>>> print(open('data_28.csv').read())   # CSV, C-alpha atoms and all ligand atoms
chain,number,residue,atom,x,y,z
S,9,MET,CA,0.0,0.0,0.0
S,10,LYS,CA,1.1,3.6,-0.6
S,11,ILE,CA,-0.3,6.7,1.2
S,12,TYR,CA,0.0,10.3,0.1
S,13,TYR,CA,1.3,11.8,3.2
S,14,ALA,CA,2.5,14.9,5.1
S,15,ALA,CA,3.9,14.6,8.6
S,16,ALA,CA,1.9,17.6,9.8
S,17,SER,CA,-1.5,16.3,8.7
S,18,PRO,CA,-3.7,15.1,11.6
S,19,PHE,CA,-5.8,13.1,9.2
S,20,VAL,CA,-2.8,11.3,7.8
S,21,ARG,CA,-1.6,10.7,11.3
S,22,LYS,CA,-5.0,9.1,12.2
S,23,CYS,CA,-4.5,6.5,9.5
S,24,LEU,CA,-0.9,5.8,10.4
S,25,VAL,CA,-1.7,5.4,14.1
S,26,ALA,CA,-4.5,3.0,13.1
S,27,ALA,CA,-2.0,1.1,10.9
S,28,HIS,CA,0.5,0.9,13.8
S,29,GLU,CA,-2.1,-0.3,16.2
S,30,LEU,CA,-3.2,-3.0,13.7
S,31,GLY,CA,0.4,-4.1,13.0
S,32,LEU,CA,0.1,-2.9,9.4
S,33,ARG,CA,2.4,0.1,9.4
S,34,GLU,CA,5.3,-1.7,7.7
S,35,ARG,CA,3.1,-2.5,4.7
S,36,ILE,CA,2.5,1.2,3.9
S,37,GLU,CA,4.9,3.2,1.8
S,38,LEU,CA,4.8,7.0,2.5
S,39,LYS,CA,4.6,9.2,-0.6
S,40,THR,CA,5.3,12.8,0.4
S,41,ALA,CA,2.6,15.2,-0.8
S,42,ALA,CA,2.2,19.0,-0.7
S,43,ALA,CA,-1.6,19.1,-0.5
S,44,HIS,CA,-2.9,22.7,-0.4
S,45,PRO,CA,-6.4,24.1,-1.0
S,46,VAL,CA,-5.1,26.6,-3.7
S,47,ASN,CA,-1.8,25.3,-5.0
S,48,ARG,CA,-3.0,21.8,-5.5
S,49,ASP,CA,-0.6,18.8,-5.7
S,50,MET,CA,-1.4,17.3,-9.1
S,51,ALA,CA,0.3,14.0,-8.1
S,52,VAL,CA,-2.5,13.6,-5.5
S,53,VAL,CA,-5.2,15.0,-7.8
S,54,ALA,CA,-4.2,12.3,-10.4
S,55,HIS,CA,-5.6,9.8,-7.9
S,56,ASN,CA,-8.1,11.8,-5.8
S,57,PRO,CA,-9.9,14.6,-7.6
S,58,LEU,CA,-10.2,16.5,-4.3
S,59,GLY,CA,-6.4,16.6,-4.1
S,60,LYS,CA,-6.6,16.0,-0.3
S,61,ILE,CA,-4.5,13.8,1.9
S,62,PRO,CA,-4.6,11.1,3.1
S,63,THR,CA,-5.1,9.2,-0.1
S,64,LEU,CA,-4.3,5.5,-0.1
S,65,LEU,CA,-3.4,3.3,-3.0
S,66,THR,CA,-4.1,-0.3,-2.2
S,67,ASP,CA,-2.0,-3.3,-3.4
S,68,ASP,CA,-4.9,-4.4,-5.7
S,69,GLY,CA,-5.1,-1.0,-7.4
S,70,ALA,CA,-8.0,0.7,-5.5
S,71,VAL,CA,-7.7,4.4,-4.5
S,72,LEU,CA,-9.2,5.2,-1.1
S,73,TYR,CA,-10.1,8.5,0.6
S,74,ASP,CA,-10.9,10.1,2.9
S,75,SER,CA,-9.3,9.2,6.3
S,76,ARG,CA,-12.5,7.5,7.5
S,77,VAL,CA,-12.6,5.1,4.5
S,78,ILE,CA,-8.9,4.4,4.8
S,79,CYS,CA,-9.3,3.6,8.5
S,80,GLU,CA,-12.2,1.3,7.7
S,81,TYR,CA,-10.1,-0.4,5.1
S,82,LEU,CA,-7.1,-0.8,7.4
S,83,ASN,CA,-9.3,-2.1,10.1
S,84,ALA,CA,-10.6,-4.8,7.7
S,85,GLN,CA,-7.1,-5.7,6.6
S,86,GLY,CA,-6.2,-6.2,10.3
S,87,ASP,CA,-8.1,-7.9,13.0
S,88,GLY,CA,-10.9,-5.4,13.1
S,89,ARG,CA,-10.3,-4.3,16.7
S,90,LEU,CA,-10.4,-0.5,16.0
S,91,ILE,CA,-14.0,-0.2,15.0
S,92,PRO,CA,-16.5,-2.2,17.1
S,93,ARG,CA,-18.8,-4.2,14.8
S,94,GLU,CA,-22.1,-3.5,16.5
S,95,GLY,CA,-23.9,-2.2,19.5
S,96,PRO,CA,-23.4,1.1,21.5
S,97,ALA,CA,-19.6,0.7,21.4
S,98,ARG,CA,-19.7,1.0,17.6
S,99,TRP,CA,-21.8,4.2,17.6
S,100,SER,CA,-19.7,5.8,20.4
S,101,ALA,CA,-16.5,5.1,18.5
S,102,LEU,CA,-17.8,6.5,15.3
S,103,VAL,CA,-19.3,9.6,16.7
S,104,ASP,CA,-16.2,10.2,18.7
S,105,GLN,CA,-14.3,10.0,15.4
S,106,SER,CA,-16.7,12.5,13.9
S,107,LEU,CA,-16.2,14.9,16.7
S,108,ALA,CA,-12.4,14.6,16.6
S,109,ASP,CA,-12.4,15.0,12.8
S,110,GLY,CA,-14.6,18.1,13.2
S,111,ILE,CA,-12.1,19.6,15.6
S,112,MET,CA,-9.3,18.8,13.1
S,113,ASP,CA,-11.3,20.2,10.2
S,114,ALA,CA,-11.9,23.5,12.1
S,115,ALA,CA,-8.3,23.8,13.2
S,116,VAL,CA,-7.0,23.1,9.7
S,117,LEU,CA,-9.3,25.7,8.2
S,118,ALA,CA,-8.2,28.2,10.9
S,119,ARG,CA,-4.6,27.4,10.0
S,120,TYR,CA,-5.2,28.0,6.3
S,121,GLU,CA,-6.8,31.3,7.1
S,122,THR,CA,-3.4,32.6,8.2
S,123,VAL,CA,-0.9,30.6,6.1
S,124,ALA,CA,-2.8,30.2,2.8
S,125,ARG,CA,-5.0,33.4,2.5
S,126,PRO,CA,-3.3,36.6,1.6
S,127,GLU,CA,-3.3,39.0,4.5
S,128,ALA,CA,-5.5,41.6,2.8
S,129,LEU,CA,-8.3,39.0,2.3
S,130,ARG,CA,-8.2,37.6,5.9
S,131,TRP,CA,-11.4,37.6,7.9
S,132,ASN,CA,-10.9,37.4,11.7
S,133,ASP,CA,-14.5,36.4,12.3
S,134,TRP,CA,-13.8,33.3,10.2
S,135,THR,CA,-10.9,32.2,12.3
S,136,THR,CA,-12.8,33.0,15.5
S,137,GLY,CA,-15.7,30.9,14.4
S,138,GLN,CA,-13.5,27.9,13.6
S,139,LEU,CA,-11.6,28.2,16.9
S,140,GLN,CA,-15.0,28.3,18.7
S,141,LYS,CA,-15.8,25.0,17.1
S,142,VAL,CA,-12.5,23.7,18.4
S,143,ALA,CA,-13.3,25.0,21.9
S,144,SER,CA,-16.9,23.6,22.0
S,145,GLY,CA,-15.6,20.3,20.6
S,146,LEU,CA,-13.0,20.1,23.3
S,147,ASP,CA,-15.6,20.9,26.0
S,148,ALA,CA,-17.7,17.9,24.7
S,149,LEU,CA,-14.5,15.8,24.8
S,150,GLU,CA,-13.9,16.9,28.4
S,151,ALA,CA,-17.3,15.5,29.3
S,152,ARG,CA,-16.4,12.1,27.7
S,153,ALA,CA,-12.7,11.6,28.4
S,154,GLY,CA,-13.2,10.6,32.1
S,155,GLY,CA,-14.9,7.4,30.8
S,156,PHE,CA,-12.3,6.5,28.1
S,157,GLY,CA,-10.3,4.2,30.4
S,158,GLY,CA,-7.9,2.2,28.2
S,159,ARG,CA,-10.0,2.4,25.1
S,160,VAL,CA,-8.0,2.2,21.9
S,161,ASP,CA,-10.3,2.5,18.9
S,162,ILE,CA,-10.9,4.8,16.0
S,163,GLY,CA,-12.6,7.4,18.2
S,164,THR,CA,-9.8,7.7,20.8
S,165,ILE,CA,-7.1,7.5,18.0
S,166,ALA,CA,-8.8,10.4,16.2
S,167,PHE,CA,-9.0,12.4,19.5
S,168,GLY,CA,-5.3,11.8,20.1
S,169,CYS,CA,-4.5,13.1,16.6
S,170,ALA,CA,-6.7,16.2,17.0
S,171,LEU,CA,-5.0,17.1,20.3
S,172,GLY,CA,-1.6,16.4,18.9
S,173,TYR,CA,-2.4,18.8,16.0
S,174,LEU,CA,-3.6,21.5,18.5
S,175,ASP,CA,-0.3,21.2,20.4
S,176,PHE,CA,1.6,21.4,17.1
S,177,ARG,CA,-0.1,24.3,15.5
S,178,PHE,CA,-2.1,26.1,18.2
S,179,SER,CA,-0.2,25.6,21.4
S,180,SER,CA,-1.1,29.2,22.4
S,181,LEU,CA,-4.8,28.1,22.8
S,182,GLY,CA,-3.9,26.4,26.1
S,183,TRP,CA,-6.5,23.7,25.5
S,184,ARG,CA,-5.5,21.9,28.8
S,185,ASP,CA,-6.7,24.9,30.9
S,186,LYS,CA,-10.1,23.8,32.4
S,187,ARG,CA,-10.0,20.4,30.6
S,188,ARG,CA,-8.3,18.3,33.2
S,189,ASN,CA,-9.9,15.0,32.1
S,190,VAL,CA,-8.8,15.4,28.5
S,191,ALA,CA,-5.3,16.5,29.6
S,192,ALA,CA,-4.9,13.4,31.9
S,193,TRP,CA,-6.2,11.0,29.3
S,194,TYR,CA,-4.1,12.5,26.5
S,195,GLU,CA,-0.9,12.3,28.6
S,196,ARG,CA,-1.3,8.5,28.8
S,197,PHE,CA,-2.6,8.1,25.2
S,198,ALA,CA,0.2,10.2,23.6
S,199,ALA,CA,2.8,7.8,25.2
S,200,ARG,CA,1.6,4.9,23.1
S,201,GLU,CA,4.1,3.6,20.6
S,202,SER,CA,1.8,4.4,17.7
S,203,MET,CA,1.5,8.0,18.8
S,204,VAL,CA,5.2,8.5,19.5
S,205,ALA,CA,6.1,7.1,16.1
S,206,THR,CA,3.8,9.5,14.2
S,207,GLN,CA,4.5,12.7,16.0
S,208,PRO,CA,4.4,15.8,13.8
S,209,PRO,CA,7.8,17.5,13.3
S,210,ALA,CA,8.8,20.4,15.6
S,211,ALA,CA,6.6,23.4,14.7
B,301,LIG,N1,-12.1,14.8,5.4
B,301,LIG,C1,-10.8,14.6,5.0
B,301,LIG,C2,-10.0,15.8,5.4
B,301,LIG,C3,-8.5,15.7,4.9
B,301,LIG,C4,-7.9,17.1,4.8
B,301,LIG,O1,-8.5,18.2,5.0
B,301,LIG,N2,-6.5,17.1,4.5
B,301,LIG,C5,-5.8,18.3,4.4
B,301,LIG,C6,-4.4,18.2,4.9
B,301,LIG,S1,-4.5,18.1,6.7
B,301,LIG,C7,-5.7,18.6,2.9
B,301,LIG,O2,-5.4,17.6,2.1
B,301,LIG,N3,-5.8,19.8,2.4
B,301,LIG,C8,-5.7,20.2,1.1
B,301,LIG,C9,-7.0,20.8,0.6
B,301,LIG,O3,-7.8,21.3,1.4
B,301,LIG,O4,-7.2,20.8,-0.7
B,301,LIG,C10,-10.2,13.3,5.7
B,301,LIG,O5,-10.8,12.8,6.7
B,301,LIG,O6,-9.2,12.7,5.1
>>> encode(input="data_28.csv", output="structure tokens", more="lines below")
Ligand SMILES: N[C@@H](CCC(=O)N[C@@H](CS)C(=O)NCC(=O)O)C(=O)O
Amino acid sequence: MKIYYAAASPFVRKCLVAAHELGLRERIELKTAAAHPVNRDMAVVAHNPLGKIPTLLTDDGAVLYDSRVICEYLNAQGDGRLIPREGPARWSALVDQSLADGIMDAAVLARYETVARPEALRWNDWTTGQLQKVASGLDALEARAGGFGGRVDIGTIAFGCALGYLDFRFSSLGWRDKRRNVAAWYERFAARESMVATQPPAA
């Protein structure tokens, strides 16, 4: 398998953490990409018309995106332990993934507002609105994190990657302030081998 990849992307990281946890990481070759909403990476577009990463090329020639589909595929290639098959655990894991992905989406959009948009065209209310989504998402996570225990599934993996991205790009937000359950849970989760091996580069 090959994955179009950037070390800074939290969505790519989610797939790689999942692959690590499933024992599949060695089967994935990294293909460095420069995905960007304006200056599109045509090598990615050639496979994925949206030009976004992660994009996975499977060994039997399929092209998979986005990160949720890739994680489903990896889970099926492995022993299926990351996405509970049925019952309340399945819906908790999947909605946790949606919340974490939403935090990542909002944070990435806020980041693009400063690094991709020319200064004269920037709109502060846009950034504020995206960061409010991050904040309310984290508040919802705070209410859940106390019950996570040792859960390692697609929901907790996605939360780990979302929090790692906030530390990487938005450390000034101080997300740990007033979110002690999340902070305590993340400290343990971030020490997992899968998380350590996929850390973003120094900002
Ligand atoms: N929903 C997508 C989001 C992926 C995403 O936004 N990736 C960013 C990099 S972190 C990207 O490719 N941006 C380029 C663009 O927006 O065109 C997923 O879950 O994979």
>>> residues_near_ligand(input="data_28.csv", ligand="ligand LIG 301 (chain B)", cutoff="9 Å", atoms="all atoms listed in the file", output="NGL selection string")
:S and (13-14 or 16-20 or 22-23 or 41-49 or 58-63 or 73-78 or 109-110 or 112-113 or 116-117 or 120)
>>> atom_distance(input="data_28.csv", atom1="CA of Arg152 in chain S", atom2="CA of Asp104 in chain S")
9.2 Å
>>> residues_near_point(input="data_28.csv", point="(-16.1, 1.0, 21.1)", cutoff="12 Å", atoms="only C-alpha atoms", output="list in words")
Gly88, Arg89, Leu90, Ile91, Pro92, Arg93, Glu94, Gly95, Pro96, Ala97, Arg98, Trp99, Ser100, Ala101, Leu102, Val103, Asp104, Gln105, Gly155, Phe156, Gly157, Gly158, Arg159, Val160, Asp161, Ile162, Gly163, Thr164 and Ile165 of chain S
>>> closest_residue(input="data_28.csv", among="S:Ile111, S:Ala198, S:Cys79, S:Ala153", to="Gly137 in chain S", atoms="all atoms listed in the file")
S:Ile111
>>> closest_residue(input="data_28.csv", among="S:Ala143, S:Ala199, S:Ala27, S:Ala205", to="Asp87 in chain S", atoms="only C-alpha atoms")
S:Ala27
>>> closest_residue(input="data_28.csv", among="S:Val123, S:Leu181, S:Leu107, S:Met50", to="Cys169 in chain S", atoms="all atoms listed in the file")
S:Leu107
>>> residues_around(input="data_28.csv", residues="Gly154 in chain S", least_positions_apart="3", cutoff="8 Å", atoms="only C-alpha atoms", output="PyMOL selection string")
chain S and resi 150-151+157+189-190+193
>>> write_last_selection(input="data_28.csv", atoms="C-alpha atoms", output="CSV table (one decimal), in the coordinates of the input")
chain,number,residue,atom,x,y,z
S,150,GLU,CA,-13.9,16.9,28.4
S,151,ALA,CA,-17.3,15.5,29.3
S,157,GLY,CA,-10.3,4.2,30.4
S,189,ASN,CA,-9.9,15.0,32.1
S,190,VAL,CA,-8.8,15.4,28.5
S,193,TRP,CA,-6.2,11.0,29.3
>>> decode(input="data_28.csv", residues="range 68-177 of chain S", atoms="C-alpha atoms", output="mmCIF file, in the first residue's frame")
data_model
loop_
_atom_site.group_PDB
_atom_site.id
_atom_site.type_symbol
_atom_site.label_atom_id
_atom_site.label_comp_id
_atom_site.auth_asym_id
_atom_site.auth_seq_id
_atom_site.Cartn_x
_atom_site.Cartn_y
_atom_site.Cartn_z
ATOM 1 C CA ASP S 68 -4.851 -4.352 -5.681
ATOM 2 C CA GLY S 69 -5.119 -0.983 -7.404
ATOM 3 C CA ALA S 70 -7.959 0.720 -5.531
ATOM 4 C CA VAL S 71 -7.730 4.379 -4.519
ATOM 5 C CA LEU S 72 -9.239 5.166 -1.122
ATOM 6 C CA TYR S 73 -10.082 8.451 0.568
ATOM 7 C CA ASP S 74 -10.881 10.088 2.905
ATOM 8 C CA SER S 75 -9.289 9.171 6.255
ATOM 9 C CA ARG S 76 -12.472 7.481 7.509
ATOM 10 C CA VAL S 77 -12.627 5.137 4.534
ATOM 11 C CA ILE S 78 -8.895 4.437 4.783
ATOM 12 C CA CYS S 79 -9.257 3.584 8.485
ATOM 13 C CA GLU S 80 -12.190 1.271 7.696
ATOM 14 C CA TYR S 81 -10.059 -0.443 5.081
ATOM 15 C CA LEU S 82 -7.054 -0.814 7.385
ATOM 16 C CA ASN S 83 -9.294 -2.122 10.136
ATOM 17 C CA ALA S 84 -10.627 -4.764 7.737
ATOM 18 C CA GLN S 85 -7.085 -5.679 6.636
ATOM 19 C CA GLY S 86 -6.176 -6.167 10.288
ATOM 20 C CA ASP S 87 -8.105 -7.915 13.017
ATOM 21 C CA GLY S 88 -10.947 -5.390 13.138
ATOM 22 C CA ARG S 89 -10.279 -4.288 16.689
ATOM 23 C CA LEU S 90 -10.428 -0.532 16.049
ATOM 24 C CA ILE S 91 -14.050 -0.235 14.951
ATOM 25 C CA PRO S 92 -16.508 -2.194 17.071
ATOM 26 C CA ARG S 93 -18.813 -4.179 14.797
ATOM 27 C CA GLU S 94 -22.110 -3.496 16.525
ATOM 28 C CA GLY S 95 -23.927 -2.159 19.522
ATOM 29 C CA PRO S 96 -23.442 1.079 21.472
ATOM 30 C CA ALA S 97 -19.628 0.741 21.372
ATOM 31 C CA ARG S 98 -19.729 1.037 17.582
ATOM 32 C CA TRP S 99 -21.766 4.242 17.589
ATOM 33 C CA SER S 100 -19.682 5.773 20.394
ATOM 34 C CA ALA S 101 -16.454 5.089 18.532
ATOM 35 C CA LEU S 102 -17.833 6.456 15.260
ATOM 36 C CA VAL S 103 -19.350 9.608 16.719
ATOM 37 C CA ASP S 104 -16.155 10.198 18.690
ATOM 38 C CA GLN S 105 -14.290 9.982 15.393
ATOM 39 C CA SER S 106 -16.721 12.504 13.874
ATOM 40 C CA LEU S 107 -16.211 14.934 16.742
ATOM 41 C CA ALA S 108 -12.435 14.591 16.565
ATOM 42 C CA ASP S 109 -12.449 14.957 12.768
ATOM 43 C CA GLY S 110 -14.599 18.082 13.158
ATOM 44 C CA ILE S 111 -12.065 19.564 15.568
ATOM 45 C CA MET S 112 -9.294 18.783 13.081
ATOM 46 C CA ASP S 113 -11.282 20.244 10.160
ATOM 47 C CA ALA S 114 -11.914 23.487 12.059
ATOM 48 C CA ALA S 115 -8.296 23.750 13.198
ATOM 49 C CA VAL S 116 -6.953 23.086 9.691
ATOM 50 C CA LEU S 117 -9.326 25.732 8.239
ATOM 51 C CA ALA S 118 -8.200 28.238 10.888
ATOM 52 C CA ARG S 119 -4.602 27.436 10.007
ATOM 53 C CA TYR S 120 -5.228 27.952 6.263
ATOM 54 C CA GLU S 121 -6.767 31.335 7.050
ATOM 55 C CA THR S 122 -3.393 32.560 8.234
ATOM 56 C CA VAL S 123 -0.913 30.579 6.125
ATOM 57 C CA ALA S 124 -2.790 30.232 2.824
ATOM 58 C CA ARG S 125 -4.961 33.353 2.546
ATOM 59 C CA PRO S 126 -3.276 36.638 1.583
ATOM 60 C CA GLU S 127 -3.268 39.042 4.512
ATOM 61 C CA ALA S 128 -5.505 41.614 2.831
ATOM 62 C CA LEU S 129 -8.250 39.009 2.347
ATOM 63 C CA ARG S 130 -8.241 37.585 5.855
ATOM 64 C CA TRP S 131 -11.420 37.628 7.897
ATOM 65 C CA ASN S 132 -10.893 37.444 11.652
ATOM 66 C CA ASP S 133 -14.470 36.359 12.335
ATOM 67 C CA TRP S 134 -13.836 33.262 10.221
ATOM 68 C CA THR S 135 -10.853 32.238 12.314
ATOM 69 C CA THR S 136 -12.756 33.033 15.511
ATOM 70 C CA GLY S 137 -15.701 30.903 14.360
ATOM 71 C CA GLN S 138 -13.457 27.929 13.554
ATOM 72 C CA LEU S 139 -11.641 28.204 16.875
ATOM 73 C CA GLN S 140 -14.996 28.348 18.670
ATOM 74 C CA LYS S 141 -15.805 24.984 17.063
ATOM 75 C CA VAL S 142 -12.510 23.671 18.376
ATOM 76 C CA ALA S 143 -13.313 24.987 21.860
ATOM 77 C CA SER S 144 -16.854 23.587 22.024
ATOM 78 C CA GLY S 145 -15.613 20.295 20.591
ATOM 79 C CA LEU S 146 -12.995 20.102 23.332
ATOM 80 C CA ASP S 147 -15.640 20.898 25.966
ATOM 81 C CA ALA S 148 -17.694 17.932 24.716
ATOM 82 C CA LEU S 149 -14.550 15.801 24.808
ATOM 83 C CA GLU S 150 -13.931 16.887 28.400
ATOM 84 C CA ALA S 151 -17.322 15.453 29.345
ATOM 85 C CA ARG S 152 -16.417 12.096 27.721
ATOM 86 C CA ALA S 153 -12.725 11.649 28.432
ATOM 87 C CA GLY S 154 -13.180 10.569 32.074
ATOM 88 C CA GLY S 155 -14.915 7.424 30.775
ATOM 89 C CA PHE S 156 -12.336 6.462 28.135
ATOM 90 C CA GLY S 157 -10.256 4.246 30.407
ATOM 91 C CA GLY S 158 -7.888 2.241 28.208
ATOM 92 C CA ARG S 159 -10.046 2.438 25.074
ATOM 93 C CA VAL S 160 -8.000 2.231 21.864
ATOM 94 C CA ASP S 161 -10.326 2.517 18.891
ATOM 95 C CA ILE S 162 -10.950 4.797 15.972
ATOM 96 C CA GLY S 163 -12.583 7.398 18.232
ATOM 97 C CA THR S 164 -9.782 7.678 20.771
ATOM 98 C CA ILE S 165 -7.146 7.526 18.015
ATOM 99 C CA ALA S 166 -8.848 10.437 16.241
ATOM 100 C CA PHE S 167 -8.993 12.439 19.484
ATOM 101 C CA GLY S 168 -5.300 11.765 20.084
ATOM 102 C CA CYS S 169 -4.457 13.099 16.625
ATOM 103 C CA ALA S 170 -6.704 16.156 17.025
ATOM 104 C CA LEU S 171 -5.045 17.074 20.343
ATOM 105 C CA GLY S 172 -1.588 16.436 18.896
ATOM 106 C CA TYR S 173 -2.409 18.835 16.049
ATOM 107 C CA LEU S 174 -3.561 21.523 18.505
ATOM 108 C CA ASP S 175 -0.284 21.187 20.427
ATOM 109 C CA PHE S 176 1.610 21.373 17.136
ATOM 110 C CA ARG S 177 -0.129 24.347 15.493
#
